[in-house]
Amino acid sequence: MDDFSRLGVIDTPTDSSVLVSSSRYLNNPRLGDAMTTAMLRRNGPDRRVGWDSTNIVRAYWEVRDTTEINRLLAEERRQNPAFDAFMGERFISTFTRDDLAGYAPGTLGRIFYDYLVAGDLDIALDPRLRADPAWRPATDLEYFELRSAQTHDFEHILGGVGFDAMAEVVPFWMRIENWNRNMSPTLAGEMVAVHMLLIMPMFTRVQLHYPAAYATLSDFVERGIRIGRSATPLFMARYEPLFALSLDEARAALNIPPMEHYDSSAVSTIFGEGAPGTVKKAKAA
């Protein structure tokens, strides 16, 4: 038996019959199980790629401290006038799919429209807005999450990727890098936590079971970091004024470098064991 004491390991006796840790994430058995399963499992017909996301997000909701996050958001508003103005305006997108039809081919608005039509998708409002069009976010966190959902699809397009399972790596890593560089560290840690929990298990699963997908995964991490590092604060971006612009013009407006489109659908089919992963519904509202 190795003597781990030489490594600074100190036994901490406990009478608890369940896992006890100084980490709120490790303390949650649902999250621990969801993360372990997502890291080690193969994809299969009983649990396709998108199942992990739902499982992890539900567990994360049990762990996060919404009161503390709202406090951090309020503190950020006091320190950052531009962020305060963005949060105070509470802008919510209201355009429809038909509103996008008139944009010229190759523009940001038309590319999004073509994606919606090809997938027979409509613009998915927040469930609370669908239930009550007059509903408005009551807290800073509710608004931030609503707006982040509304802009996610545009990050796919501007990142030069599609909407398959592997393509999710680019907008996720855009946010992880961009938010960490444009928010206070403590707030960024809270805001990107769910993105990190969702994306990191893919690395283990790809390397253990789908090594043919690793090169694309690595390329997408590098792409997301490069975009997130150079772009303006994307969490405050207003995309609607960019709809009539070409992709490179829209990218330039956000300080995103030119990007070649990368079709990762074949790699996602490898990762999905014959299925490309769930094509998600558009999140702009």
# chains A, B, ... in the order shown; residues from 1 in each chain; ligands from 1

$ residues_around --residues "A:Asn180" --least-positions-apart "4" --cutoff "10 Å" --atoms "only C-alpha atoms" --output "PyMOL selection string"
chain A and resi 174-176+184-189+191-192+228-229+233

$ write_last_selection --atoms "N, CA and C atoms" --output "compact mmCIF listing (two decimals), in the first residue's frame"
# COMPACT_ATOMS: atom_id res chain seq x y z
N MET A 174 -15.80 29.42 -27.64
CA MET A 174 -15.84 30.87 -27.85
C MET A 174 -16.28 31.56 -26.58
N ARG A 175 -17.33 31.04 -25.96
CA ARG A 175 -17.85 31.66 -24.75
C ARG A 175 -16.89 31.50 -23.58
N ILE A 176 -16.37 30.31 -23.39
CA ILE A 176 -15.46 30.08 -22.27
C ILE A 176 -14.29 31.05 -22.33
N SER A 184 -15.13 39.80 -14.77
CA SER A 184 -14.30 39.53 -13.60
C SER A 184 -14.16 38.02 -13.45
N PRO A 185 -13.03 37.53 -12.96
CA PRO A 185 -12.79 36.08 -12.90
C PRO A 185 -13.86 35.29 -12.15
N THR A 186 -14.33 35.82 -11.03
CA THR A 186 -15.31 35.07 -10.24
C THR A 186 -16.63 34.94 -10.98
N LEU A 187 -17.07 36.03 -11.62
CA LEU A 187 -18.31 35.98 -12.39
C LEU A 187 -18.15 35.05 -13.59
N ALA A 188 -17.04 35.17 -14.29
CA ALA A 188 -16.81 34.30 -15.45
C ALA A 188 -16.83 32.84 -15.04
N GLY A 189 -16.24 32.54 -13.89
CA GLY A 189 -16.25 31.16 -13.41
C GLY A 189 -17.65 30.62 -13.23
N MET A 191 -20.42 31.86 -14.76
CA MET A 191 -21.20 31.89 -16.00
C MET A 191 -20.78 30.79 -16.98
N VAL A 192 -19.52 30.39 -16.95
CA VAL A 192 -19.08 29.35 -17.90
C VAL A 192 -19.11 27.96 -17.28
N GLY A 228 -12.78 33.53 -29.42
CA GLY A 228 -13.13 34.11 -28.13
C GLY A 228 -12.10 35.10 -27.63
N ARG A 229 -10.84 34.84 -27.96
CA ARG A 229 -9.76 35.70 -27.50
C ARG A 229 -9.76 37.05 -28.22
N PRO A 233 -16.76 41.66 -26.53
CA PRO A 233 -17.55 40.87 -25.57
C PRO A 233 -18.83 40.34 -26.21

$ residues_around --residues "A:Ser93" --least-positions-apart "3" --cutoff "12 Å" --atoms "only C-alpha atoms" --output "list in words"
Arg90, Thr96, Arg97, Asp99, Ile123, Ala124, Leu125, Asp126, Leu129, Tyr143, Leu146, Arg147, Ser148, Ala149, Gln150, Thr151, Ala237, Arg238, Tyr239, Glu240, Pro241, Lys283, Ala284 and Ala285 of chain A

$ write_last_selection --atoms "C-alpha atoms" --output "mmCIF file, in the first residue's frame"
data_model
loop_
_atom_site.group_PDB
_atom_site.id
_atom_site.type_symbol
_atom_site.label_atom_id
_atom_site.label_comp_id
_atom_site.auth_asym_id
_atom_site.auth_seq_id
_atom_site.Cartn_x
_atom_site.Cartn_y
_atom_site.Cartn_z
ATOM 1 C CA ARG A 90 -33.054 44.212 -21.348
ATOM 2 C CA THR A 96 -39.576 35.771 -36.918
ATOM 3 C CA ARG A 97 -38.363 33.322 -39.526
ATOM 4 C CA ASP A 99 -38.464 38.405 -41.271
ATOM 5 C CA ILE A 123 -37.580 30.341 -34.029
ATOM 6 C CA ALA A 124 -37.891 28.864 -30.548
ATOM 7 C CA LEU A 125 -39.035 31.337 -27.950
ATOM 8 C CA ASP A 126 -38.162 30.826 -24.329
ATOM 9 C CA LEU A 129 -42.335 33.700 -23.412
ATOM 10 C CA TYR A 143 -32.047 37.995 -18.595
ATOM 11 C CA LEU A 146 -32.340 34.332 -22.045
ATOM 12 C CA ARG A 147 -30.142 36.539 -24.211
ATOM 13 C CA SER A 148 -27.367 33.930 -24.299
ATOM 14 C CA ALA A 149 -29.861 31.381 -25.620
ATOM 15 C CA GLN A 150 -31.083 33.835 -28.256
ATOM 16 C CA THR A 151 -27.574 34.417 -29.647
ATOM 17 C CA ALA A 237 -23.396 41.608 -28.962
ATOM 18 C CA ARG A 238 -26.434 42.854 -30.888
ATOM 19 C CA TYR A 239 -26.727 40.606 -33.937
ATOM 20 C CA GLU A 240 -29.846 42.040 -35.557
ATOM 21 C CA PRO A 241 -28.041 45.050 -37.147
ATOM 22 C CA LYS A 283 -32.690 29.439 -29.974
ATOM 23 C CA ALA A 284 -33.056 32.994 -31.221
ATOM 24 C CA ALA A 285 -36.373 34.549 -30.265
#

$ select_by_dssp --residues "stretch 79-266 of chain A" --states "helix (DSSP H, G or I)" --output "ChimeraX atom specification"
/A:79,81-89,98-100,108-118,127-131,140-158,166-182,185-209,211-230,234-236,240-242,247-253,265-266

$ atom_distance --atom1 "atom CA of A:Met259" --atom2 "atom CA of A:Met236"
21.4 Å

$ closest_atom_pairs --of "stretch 61-167 of chain A" --to "stretch 26-46 of chain A" --cutoff "12 Å" --atoms "only C-alpha atoms" --output "Markdown table"
| residue | atom | partner | partner_atom | distance |
| --- | --- | --- | --- | --- |
| A:Trp61 | CA | A:Leu31 | CA | 9.6 |
| A:Glu62 | CA | A:Asn28 | CA | 7.9 |
| A:Val63 | CA | A:Asn28 | CA | 7.0 |
| A:Arg64 | CA | A:Asn28 | CA | 10.7 |
| A:Ala165 | CA | A:Asn43 | CA | 11.7 |

$ residues_around --residues "A:Asp84" --least-positions-apart "6" --cutoff "10 Å" --atoms "only C-alpha atoms" --output "ChimeraX atom specification"
/A:73-78

$ write_last_selection --atoms "all heavy atoms" --output "PDB file, in the first residue's frame"
ATOM      1  N   LEU A  73     -23.342  39.536 -10.730  1.00  0.00           N
ATOM      2  CA  LEU A  73     -23.777  40.310 -11.889  1.00  0.00           C
ATOM      3  C   LEU A  73     -23.998  41.774 -11.517  1.00  0.00           C
ATOM      4  O   LEU A  73     -23.625  42.687 -12.262  1.00  0.00           O
ATOM      5  CB  LEU A  73     -25.059  39.710 -12.476  1.00  0.00           C
ATOM      6  CG  LEU A  73     -24.883  38.414 -13.274  1.00  0.00           C
ATOM      7  CD1 LEU A  73     -26.227  37.738 -13.481  1.00  0.00           C
ATOM      8  CD2 LEU A  73     -24.218  38.692 -14.626  1.00  0.00           C
ATOM      9  N   ALA A  74     -24.596  42.015 -10.353  1.00  0.00           N
ATOM     10  CA  ALA A  74     -24.801  43.386  -9.885  1.00  0.00           C
ATOM     11  C   ALA A  74     -23.469  44.084  -9.652  1.00  0.00           C
ATOM     12  O   ALA A  74     -23.300  45.273  -9.971  1.00  0.00           O
ATOM     13  CB  ALA A  74     -25.642  43.382  -8.615  1.00  0.00           C
ATOM     14  N   GLU A  75     -22.507  43.353  -9.103  1.00  0.00           N
ATOM     15  CA  GLU A  75     -21.175  43.920  -8.873  1.00  0.00           C
ATOM     16  C   GLU A  75     -20.497  44.255 -10.198  1.00  0.00           C
ATOM     17  O   GLU A  75     -19.856  45.303 -10.338  1.00  0.00           O
ATOM     18  CB  GLU A  75     -20.337  42.921  -8.081  1.00  0.00           C
ATOM     19  CG  GLU A  75     -18.965  43.430  -7.701  1.00  0.00           C
ATOM     20  CD  GLU A  75     -18.223  42.435  -6.831  1.00  0.00           C
ATOM     21  OE1 GLU A  75     -18.820  41.959  -5.837  1.00  0.00           O
ATOM     22  OE2 GLU A  75     -17.059  42.127  -7.159  1.00  0.00           O
ATOM     23  N   GLU A  76     -20.661  43.377 -11.178  1.00  0.00           N
ATOM     24  CA  GLU A  76     -20.084  43.632 -12.505  1.00  0.00           C
ATOM     25  C   GLU A  76     -20.711  44.872 -13.129  1.00  0.00           C
ATOM     26  O   GLU A  76     -20.027  45.669 -13.780  1.00  0.00           O
ATOM     27  CB  GLU A  76     -20.306  42.408 -13.409  1.00  0.00           C
ATOM     28  CG  GLU A  76     -19.550  42.453 -14.718  1.00  0.00           C
ATOM     29  CD  GLU A  76     -18.099  42.045 -14.586  1.00  0.00           C
ATOM     30  OE1 GLU A  76     -17.694  41.595 -13.495  1.00  0.00           O
ATOM     31  OE2 GLU A  76     -17.360  42.174 -15.581  1.00  0.00           O
ATOM     32  N   ARG A  77     -21.998  45.039 -12.939  1.00  0.00           N
ATOM     33  CA  ARG A  77     -22.670  46.226 -13.486  1.00  0.00           C
ATOM     34  C   ARG A  77     -22.122  47.500 -12.862  1.00  0.00           C
ATOM     35  O   ARG A  77     -21.989  48.522 -13.553  1.00  0.00           O
ATOM     36  CB  ARG A  77     -24.185  46.115 -13.252  1.00  0.00           C
ATOM     37  CG  ARG A  77     -24.859  45.011 -14.037  1.00  0.00           C
ATOM     38  CD  ARG A  77     -26.367  45.001 -13.840  1.00  0.00           C
ATOM     39  NE  ARG A  77     -26.984  46.215 -14.394  1.00  0.00           N
ATOM     40  CZ  ARG A  77     -28.284  46.392 -14.500  1.00  0.00           C
ATOM     41  NH1 ARG A  77     -29.128  45.463 -14.076  1.00  0.00           N
ATOM     42  NH2 ARG A  77     -28.776  47.508 -15.005  1.00  0.00           N
ATOM     43  N   ARG A  78     -21.801  47.458 -11.594  1.00  0.00           N
ATOM     44  CA  ARG A  78     -21.244  48.644 -10.938  1.00  0.00           C
ATOM     45  C   ARG A  78     -19.853  48.977 -11.466  1.00  0.00           C
ATOM     46  O   ARG A  78     -19.470  50.152 -11.531  1.00  0.00           O
ATOM     47  CB  ARG A  78     -21.186  48.423  -9.420  1.00  0.00           C
ATOM     48  CG  ARG A  78     -22.553  48.462  -8.739  1.00  0.00           C
ATOM     49  CD  ARG A  78     -22.411  48.524  -7.230  1.00  0.00           C
ATOM     50  NE  ARG A  78     -21.826  47.308  -6.679  1.00  0.00           N
ATOM     51  CZ  ARG A  78     -22.540  46.247  -6.296  1.00  0.00           C
ATOM     52  NH1 ARG A  78     -23.859  46.257  -6.413  1.00  0.00           N
ATOM     53  NH2 ARG A  78     -21.930  45.190  -5.781  1.00  0.00           N
TER      54      ARG A  78
END

$ atom_distance --atom1 "atom CA of A:Thr107" --atom2 "atom CA of A:Ile157"
10.6 Å

$ residues_around --residues "A:Thr12" --least-positions-apart "6" --cutoff "12 Å" --atoms "only C-alpha atoms" --output "list in words"
Val20, Ser21 and Ser22 of chain A

$ closest_residue --among "A:Gly119, A:Gly106, A:Pro133, A:Gly224" --to "A:His156" --atoms "only C-alpha atoms"
A:Gly224

$ closest_residue --among "A:Met166, A:Leu141, A:Leu242, A:Leu234" --to "A:Gly50" --atoms "only C-alpha atoms"
A:Met166

$ closest_residue --among "A:Ala167, A:Ile69, A:Gly102, A:Leu108" --to "A:Phe154" --atoms "only C-alpha atoms"
A:Leu108

$ closest_residue --among "A:Ala104, A:Ile56, A:Val221, A:Val206" --to "A:Gly272" --atoms "only C-alpha atoms"
A:Val206

$ select_by_dssp --residues "stretch 88-264 of chain A" --states "strand (DSSP E or B)" --output "PyMOL selection string"
chain A and resi 107+161+246+262

$ atom_distance --atom1 "atom CA of A:Val161" --atom2 "atom CA of A:Tyr60"
26.9 Å
